[in-house]
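Trainee: My structure is stored as protein29.cif, with mmCIF, C-alpha atoms.
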```cif
data_structure
#
loop_
_atom_site.label_atom_id
_atom_site.label_comp_id
_atom_site.auth_asym_id
_atom_site.auth_seq_id
_atom_site.Cartn_x
_atom_site.Cartn_y
_atom_site.Cartn_z
CA MET A 1 -54.01 -101.29 118.86
CA ILE A 2 -56.68 -98.82 117.72
CA SER A 3 -58.42 -99.02 121.09
CA LYS A 4 -55.13 -98.27 122.87
CA TRP A 5 -54.54 -95.24 120.64
CA SER A 6 -58.09 -94.02 121.26
CA ALA A 7 -57.63 -94.38 125.01
CA SER A 8 -54.36 -92.43 124.84
CA ILE A 9 -56.00 -89.61 122.87
CA VAL A 10 -58.87 -89.45 125.37
CA ARG A 11 -56.45 -89.31 128.31
CA ALA A 12 -54.45 -86.56 126.59
CA GLY A 13 -57.62 -84.55 125.98
CA ARG A 14 -58.67 -84.89 129.60
CA SER A 15 -55.21 -83.83 130.72
CA VAL A 16 -55.35 -80.66 128.61
CA ARG A 17 -58.88 -79.82 129.76
CA GLY A 18 -57.85 -80.31 133.38
CA SER A 19 -54.64 -78.33 133.10
CA SER A 20 -54.24 -74.70 134.09
CA ALA A 21 -52.94 -73.75 130.62
CA PRO A 22 -55.04 -75.60 128.01
CA VAL A 23 -54.63 -72.88 125.36
CA THR A 24 -50.84 -73.11 125.48
CA TYR A 25 -50.93 -76.88 125.02
CA ALA A 26 -53.58 -76.62 122.31
CA LEU A 27 -51.43 -74.10 120.39
CA ILE A 28 -48.43 -76.42 120.62
CA ALA A 29 -50.51 -79.36 119.41
CA LEU A 30 -51.96 -77.33 116.54
CA CYS A 31 -48.58 -76.08 115.34
CA CYS A 32 -47.16 -79.60 115.49
CA ALA A 33 -50.13 -81.06 113.61
CA VAL A 34 -49.95 -78.41 110.88
CA PHE A 35 -46.24 -79.03 110.46
CA LEU A 36 -46.55 -82.81 110.30
CA ILE A 37 -49.24 -82.81 107.61
CA GLY A 38 -47.51 -80.11 105.52
CA PRO A 39 -44.59 -80.49 103.10
CA ALA A 40 -42.03 -78.86 105.41
CA SER A 41 -41.84 -81.98 107.60
CA GLY A 42 -40.83 -84.12 104.62
CA LEU A 43 -43.02 -86.95 105.93
CA GLY A 44 -45.90 -86.78 103.44
CA PRO A 45 -45.32 -89.06 100.44
CA ALA A 46 -47.89 -87.09 98.44
CA TYR A 47 -45.43 -84.18 98.19
CA GLY A 48 -42.77 -86.27 96.51
CA THR A 49 -39.02 -85.97 97.02
CA GLY A 50 -36.12 -83.87 95.78
CA ASP A 51 -37.04 -80.95 93.54
CA GLU A 52 -40.71 -81.89 93.65
CA LEU A 53 -40.74 -81.62 97.44
CA LEU A 54 -38.88 -78.28 97.36
CA ALA A 55 -41.42 -76.89 94.88
CA ALA A 56 -44.27 -78.05 97.11
CA GLN A 57 -42.66 -76.37 100.12
CA ARG A 58 -42.19 -73.07 98.28
CA ALA A 59 -45.81 -73.09 97.11
CA TYR A 60 -47.00 -73.95 100.63
CA PHE A 61 -45.06 -71.11 102.24
CA ARG A 62 -46.27 -68.61 99.65
CA ARG A 63 -49.88 -69.66 100.18
CA TRP A 64 -49.94 -69.56 103.99
CA GLY A 65 -47.02 -67.26 104.82
CA VAL A 66 -46.72 -63.48 104.80
CA ILE A 67 -45.33 -61.93 101.60
CA PRO A 68 -44.77 -58.24 102.44
CA ALA A 69 -45.00 -57.06 98.82
CA GLU A 70 -48.46 -58.61 98.52
CA LEU A 71 -49.80 -57.92 102.01
CA PHE A 72 -50.80 -54.30 101.45
CA GLU A 73 -52.45 -54.81 98.07
CA GLY A 74 -55.86 -55.00 99.76
CA SER A 75 -56.90 -58.58 99.04
CA ALA A 76 -58.70 -60.49 101.80
CA GLY A 77 -56.49 -63.51 101.32
CA SER A 78 -53.28 -61.57 101.89
CA ALA A 79 -54.75 -59.82 104.92
CA LEU A 80 -55.27 -63.18 106.61
CA THR A 81 -51.72 -64.43 106.10
CA PRO A 82 -50.26 -62.85 109.29
CA ALA A 83 -52.71 -65.08 111.18
CA THR A 84 -52.16 -68.27 109.17
CA ALA A 85 -48.38 -67.82 109.19
CA LEU A 86 -48.39 -68.14 113.00
CA PHE A 87 -49.12 -71.84 112.67
CA VAL A 88 -46.68 -72.67 109.86
CA HIS A 89 -43.01 -73.52 110.43
CA GLY A 90 -40.18 -73.94 107.98
CA SER A 91 -38.20 -76.82 109.52
CA TRP A 92 -38.01 -79.22 112.45
CA VAL A 93 -35.56 -76.95 114.27
CA HIS A 94 -37.80 -73.95 113.66
CA LEU A 95 -40.82 -75.78 115.07
CA LEU A 96 -39.15 -77.39 118.08
CA GLY A 97 -37.35 -74.20 119.12
CA ASN A 98 -40.55 -72.17 119.08
CA MET A 99 -42.62 -74.83 120.83
CA LEU A 100 -40.06 -75.18 123.61
CA PHE A 101 -40.30 -71.47 124.39
CA LEU A 102 -44.09 -71.48 124.18
CA TYR A 103 -44.19 -74.44 126.57
CA VAL A 104 -41.81 -72.82 129.07
CA PHE A 105 -43.23 -69.29 129.15
CA GLY A 106 -46.77 -69.71 127.83
CA ALA A 107 -48.28 -71.71 130.68
CA MET A 108 -47.53 -69.21 133.45
CA THR A 109 -48.54 -66.28 131.26
CA GLU A 110 -51.83 -67.96 130.37
CA GLU A 111 -52.54 -68.73 134.03
CA ARG A 112 -52.08 -65.05 134.86
CA MET A 113 -54.13 -63.72 131.92
CA GLY A 114 -56.85 -66.32 131.65
CA ARG A 115 -57.67 -68.51 128.66
CA VAL A 116 -59.72 -66.15 126.51
CA GLN A 117 -57.50 -63.12 127.08
CA PHE A 118 -54.34 -65.14 126.46
CA THR A 119 -55.74 -66.48 123.17
CA LEU A 120 -56.61 -63.00 121.92
CA PHE A 121 -53.28 -61.65 123.16
CA TYR A 122 -51.28 -64.40 121.42
CA VAL A 123 -53.00 -64.14 118.06
CA GLY A 124 -53.30 -60.34 118.12
CA CYS A 125 -49.68 -59.65 119.05
CA GLY A 126 -48.45 -62.32 116.63
CA TYR A 127 -50.46 -60.74 113.82
CA LEU A 128 -49.15 -57.26 114.61
CA ALA A 129 -45.55 -58.47 114.90
CA LEU A 130 -45.67 -59.93 111.39
CA LEU A 131 -47.50 -56.85 110.14
CA GLY A 132 -44.77 -54.64 111.60
CA TYR A 133 -42.07 -56.63 109.88
CA ALA A 134 -43.96 -56.51 106.58
CA ALA A 135 -44.41 -52.75 106.85
CA ALA A 136 -40.66 -52.27 107.34
CA ASN A 137 -39.89 -54.56 104.38
CA ALA A 138 -42.78 -53.68 102.10
CA ASP A 139 -40.91 -54.53 98.90
CA SER A 140 -39.83 -58.01 99.97
CA GLU A 141 -41.07 -61.02 97.99
CA GLN A 142 -39.74 -63.45 100.61
CA SER A 143 -42.40 -65.50 102.42
CA LEU A 144 -42.40 -65.31 106.21
CA VAL A 145 -43.71 -68.04 108.51
CA GLY A 146 -43.46 -68.89 112.19
CA ALA A 147 -44.95 -68.32 115.63
CA SER A 148 -42.06 -66.51 117.25
CA GLY A 149 -43.60 -63.04 116.84
CA ALA A 150 -46.44 -64.22 119.08
CA ILE A 151 -44.05 -66.14 121.35
CA SER A 152 -41.85 -63.05 121.67
CA ALA A 153 -44.96 -61.20 122.89
CA VAL A 154 -45.40 -63.93 125.49
CA LEU A 155 -41.78 -63.37 126.58
CA GLY A 156 -42.39 -59.64 126.89
CA ALA A 157 -45.50 -60.17 128.98
CA PHE A 158 -43.70 -62.77 131.10
CA LEU A 159 -40.89 -60.31 131.80
CA TYR A 160 -43.33 -57.74 133.13
CA LEU A 161 -45.52 -60.18 135.05
CA PHE A 162 -42.76 -62.36 136.54
CA PRO A 163 -39.51 -60.31 136.48
CA ARG A 164 -37.97 -62.26 139.38
CA ALA A 165 -38.87 -65.72 138.11
CA ARG A 166 -35.69 -67.79 137.85
CA VAL A 167 -35.13 -69.19 134.37
CA THR A 168 -32.73 -72.03 133.59
CA SER A 169 -30.73 -71.19 130.47
CA LEU A 170 -28.18 -73.06 128.37
CA LEU A 171 -25.59 -70.54 127.22
CA PRO A 172 -23.24 -71.52 124.35
CA PHE A 173 -20.30 -69.50 125.68
CA LEU A 174 -20.54 -71.48 128.96
CA PHE A 175 -20.37 -74.79 127.06
CA PHE A 176 -24.16 -75.19 127.44
CA LEU A 177 -23.95 -75.64 131.21
CA PRO A 178 -27.37 -74.95 132.80
CA VAL A 179 -27.40 -71.73 134.82
CA ARG A 180 -30.28 -70.00 136.56
CA PHE A 181 -30.93 -66.26 136.23
CA PRO A 182 -33.97 -64.12 137.00
CA ALA A 183 -36.18 -63.25 134.04
CA TRP A 184 -35.18 -59.58 134.25
CA VAL A 185 -31.63 -60.69 133.30
CA VAL A 186 -32.36 -63.41 130.73
CA LEU A 187 -35.13 -61.79 128.69
CA PRO A 188 -33.62 -58.30 128.25
CA PHE A 189 -30.39 -60.08 127.23
CA TRP A 190 -32.41 -62.03 124.64
CA ALA A 191 -34.04 -58.80 123.39
CA ALA A 192 -30.62 -57.16 123.06
CA LEU A 193 -29.41 -60.10 120.95
CA GLN A 194 -32.43 -59.70 118.68
CA TRP A 195 -31.73 -55.97 118.32
CA LEU A 196 -28.11 -56.58 117.36
CA ALA A 197 -29.06 -59.35 114.95
CA ALA A 198 -31.77 -57.21 113.35
CA GLY A 199 -29.20 -54.54 112.59
CA ARG A 200 -27.04 -57.07 110.73
CA ALA A 201 -29.86 -58.93 108.99
CA SER A 202 -29.92 -59.07 105.20
CA ASP A 203 -32.89 -59.10 102.86
CA GLY A 204 -32.37 -62.77 101.98
CA PRO A 205 -33.63 -65.94 103.68
CA GLY A 206 -33.10 -66.18 107.42
CA VAL A 207 -34.68 -65.05 110.67
CA ALA A 208 -36.95 -62.00 110.87
CA TYR A 209 -35.51 -60.49 114.05
CA LEU A 210 -37.56 -57.33 113.68
CA ALA A 211 -40.74 -59.37 114.18
CA HIS A 212 -39.29 -60.62 117.46
CA LEU A 213 -38.62 -57.09 118.67
CA VAL A 214 -42.08 -55.87 117.69
CA GLY A 215 -43.73 -58.83 119.41
CA PHE A 216 -41.62 -58.46 122.55
CA GLY A 217 -42.42 -54.74 122.82
CA LEU A 218 -46.13 -55.34 122.27
CA GLY A 219 -46.25 -58.06 124.91
CA PHE A 220 -44.38 -56.04 127.52
CA GLY A 221 -46.42 -52.91 126.78
CA TYR A 222 -49.73 -54.76 126.93
CA ALA A 223 -48.88 -56.36 130.28
CA ALA A 224 -47.70 -53.03 131.70
CA VAL A 225 -50.95 -51.30 130.71
CA ARG A 226 -53.30 -54.16 131.56
CA TYR A 227 -51.87 -55.36 134.88
CA GLY A 228 -50.65 -53.86 138.10
CA ARG A 229 -47.42 -54.58 139.90
CA PRO A 230 -45.50 -57.73 138.91
CA THR A 231 -45.77 -60.89 141.03
CA GLY A 232 -43.19 -62.30 143.41
CA PRO A 233 -40.42 -64.84 142.75
CA THR A 234 -41.32 -67.94 140.75
CA ARG A 235 -39.32 -70.82 139.34
CA VAL A 236 -39.47 -71.81 135.69
CA LYS A 237 -38.70 -75.51 135.65
CA ALA A 238 -37.78 -76.16 132.04
CA ALA A 239 -34.43 -75.25 130.52
CA PRO A 240 -34.60 -73.33 127.23
CA ALA A 241 -31.80 -71.94 125.15
CA PRO A 242 -31.32 -68.15 125.37
CA ALA A 243 -33.47 -67.36 122.32
CA PRO A 244 -36.33 -68.98 120.38
CA GLU A 245 -36.08 -70.00 116.76
CA GLY A 246 -37.21 -67.01 114.79
CA GLU A 247 -39.77 -66.27 112.14
CA ASN A 248 -38.44 -68.19 109.19
CA GLN A 249 -38.00 -66.85 105.71
CA PRO A 250 -37.85 -70.10 103.70
#
```
Render the structure in this file as structure tokens.
Mentor:
Amino acid sequence: MISKWSASIVRAGRSVRGSSAPVTYALIALCCAVFLIGPASGLGPAYGTGDELLAAQRAYFRRWGVIPAELFEGSAGSALTPATALFVHGSWVHLLGNMLFLYVFGAMTEERMGRVQFTLFYVGCGYLALLGYAAANADSEQSLVGASGAISAVLGAFLYLFPRARVTSLLPFLFFLPVRFPAWVVLPFWAALQWLAAGRASDGPGVAYLAHLVGFGLGFGYAAVRYGRPTGPTRVKAAPAPAPEGENQP
């Protein structure tokens, strides 16, 4: 059994190394691994159950997530939290929603940018998206975790680089029937939803839509400055929902 597992891990590693988007797949694997070993997954017996598990989750989010009220105090630990929070997720739905969007849009964006540039772009835009949210909510004590600020930047870059790529979407008001639209229709529609939701958002737990908007704008702006004219039509094979799961405020 152990030898079969080892062989599977080796084959998976070779597949990632031989793929055209190894950073995207490595980010997905890292986020999944961090979630599985942390208390948010509910799978670790060391964290206990019931109230004990909830306390462990709150402590975990406060340690690795962004707390706006503490971020600008000047401590090195707080300054690192916009980077660590990118790899922490608050629930299974939060994780799977974000990873689906990273899988769908990250690979093509990484192929266009290159591995090193995509890595710096992802982490840098994700950091700035969380920083922007924290600056706008500087008095908040609510912890903020999730990769969707960075993934929103990937969506913004994808929109500029591949505006005519056809994206399969599952729209609730069409009873989740799969329909195909070009990226220049789907992604601005997604951004508009985030804008409307941000205007109605409260200060309590929920989704940090402002971080999505900041990330999306940074990604689109970076691609517009860094690259020339967008590429021709492309098909995106996977079928995401119309919006990723947002930065989570546990």
Trainee: Kindly assemble as CSV a list of the stretch 117-154 of chain A residues that lie within 10 Å of stretch 48-68 of chain A, each paired with its nearest atom pair and their distance in Å to one decimal, using all atoms listed in the file, sorted first by chain and then by ascending residue number.
Mentor:
```
residue,atom,partner,partner_atom,distance
A:Leu130,CA,A:Val66,CA,7.6
A:Leu131,CA,A:Pro68,CA,8.3
A:Gly132,CA,A:Pro68,CA,9.8
A:Tyr133,CA,A:Pro68,CA,8.1
A:Ala134,CA,A:Pro68,CA,4.6
A:Ala135,CA,A:Pro68,CA,7.1
A:Ala136,CA,A:Pro68,CA,8.7
A:Asn137,CA,A:Pro68,CA,6.4
A:Ala138,CA,A:Pro68,CA,5.0
A:Asp139,CA,A:Pro68,CA,6.4
A:Ser140,CA,A:Pro68,CA,5.5
A:Glu141,CA,A:Ile67,CA,5.7
A:Gln142,CA,A:Ile67,CA,5.9
A:Ser143,CA,A:Ile67,CA,4.7
A:Leu144,CA,A:Val66,CA,4.9
A:Val145,CA,A:Gly65,CA,5.0
A:Gly146,CA,A:Gly65,CA,8.3
```
Trainee: For A:Cys31, which residue out of A:Val88, A:Cys125, A:Leu100, A:Leu159 is the nearest one, using only C-alpha atoms?
Mentor: A:Val88
Trainee: So how far away is atom CA of A:Leu128 from atom CA of A:Phe72, in Å?
Mentor: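 Going from atom CA of A:Phe72 over to atom CA of A:Leu128 covers 13.6 Å.
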Trainee: Counting all atoms listed in the file, which residue out of A:Ala150, A:Val23, A:Ala40, A:Val104 sits closest to A:Phe118?
Mentor: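 The closest residue to A:Phe118 is A:Val23.
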Trainee: In Å, how far is it from atom CA of A:Leu213 to atom CA of A:Tyr160?
Mentor: 15.2 Å
Trainee: Pick from A:Trp92, A:Ala224, A:Thr24, A:Gly106: nearest to A:Pro39, with only C-alpha atoms counted?
Mentor: A:Trp92
Trainee: Calculated over all atoms listed in the file, which of the candidates A:Ala79, A:Ile28, A:Ala69, A:Ala129 has the smallest distance to A:Leu95?
Mentor: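 With all atoms listed in the file as the atom set, the closest residue is A:Ile28.
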Trainee: Compare A:Gly77, A:Gly215, A:Gly124, A:Gly114 by their minimum atom-to-atom distance to A:Ser20, counting only C-alpha atoms, and give me the closest one.
Mentor: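 Distance minimum relative to A:Ser20 lands on A:Gly114.
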Trainee: In the coordinates of the file, take the point (-47.6, -79.5, 110.8) and a cut-off of 12 Å; then, counting all atoms listed in the file, name each qualifying protein, DNA or RNA residue as number ranges by chain.
Mentor: A: 27-44, 60, 85-92, 94-96, 146
Trainee: Pull C-alpha atoms from the residues just selected and write them as a CSV table (one decimal), in the coordinates of the input.
Mentor:
```csv
chain,number,residue,atom,x,y,z
A,27,LEU,CA,-51.4,-74.1,120.4
A,28,ILE,CA,-48.4,-76.4,120.6
A,29,ALA,CA,-50.5,-79.4,119.4
A,30,LEU,CA,-52.0,-77.3,116.5
A,31,CYS,CA,-48.6,-76.1,115.3
A,32,CYS,CA,-47.2,-79.6,115.5
A,33,ALA,CA,-50.1,-81.1,113.6
A,34,VAL,CA,-50.0,-78.4,110.9
A,35,PHE,CA,-46.2,-79.0,110.5
A,36,LEU,CA,-46.6,-82.8,110.3
A,37,ILE,CA,-49.2,-82.8,107.6
A,38,GLY,CA,-47.5,-80.1,105.5
A,39,PRO,CA,-44.6,-80.5,103.1
A,40,ALA,CA,-42.0,-78.9,105.4
A,41,SER,CA,-41.8,-82.0,107.6
A,42,GLY,CA,-40.8,-84.1,104.6
A,43,LEU,CA,-43.0,-87.0,105.9
A,44,GLY,CA,-45.9,-86.8,103.4
A,60,TYR,CA,-47.0,-74.0,100.6
A,85,ALA,CA,-48.4,-67.8,109.2
A,86,LEU,CA,-48.4,-68.1,113.0
A,87,PHE,CA,-49.1,-71.8,112.7
A,88,VAL,CA,-46.7,-72.7,109.9
A,89,HIS,CA,-43.0,-73.5,110.4
A,90,GLY,CA,-40.2,-73.9,108.0
A,91,SER,CA,-38.2,-76.8,109.5
A,92,TRP,CA,-38.0,-79.2,112.4
A,94,HIS,CA,-37.8,-74.0,113.7
A,95,LEU,CA,-40.8,-75.8,115.1
A,96,LEU,CA,-39.2,-77.4,118.1
A,146,GLY,CA,-43.5,-68.9,112.2
```
Trainee: So, with all atoms listed in the file as the atoms that count, which of A:Glu73, A:Asn98, A:Pro82, A:Met108 lies closest to A:Pro22?
Mentor: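 Looking at the shortest contact to A:Pro22, the residue is A:Met108.
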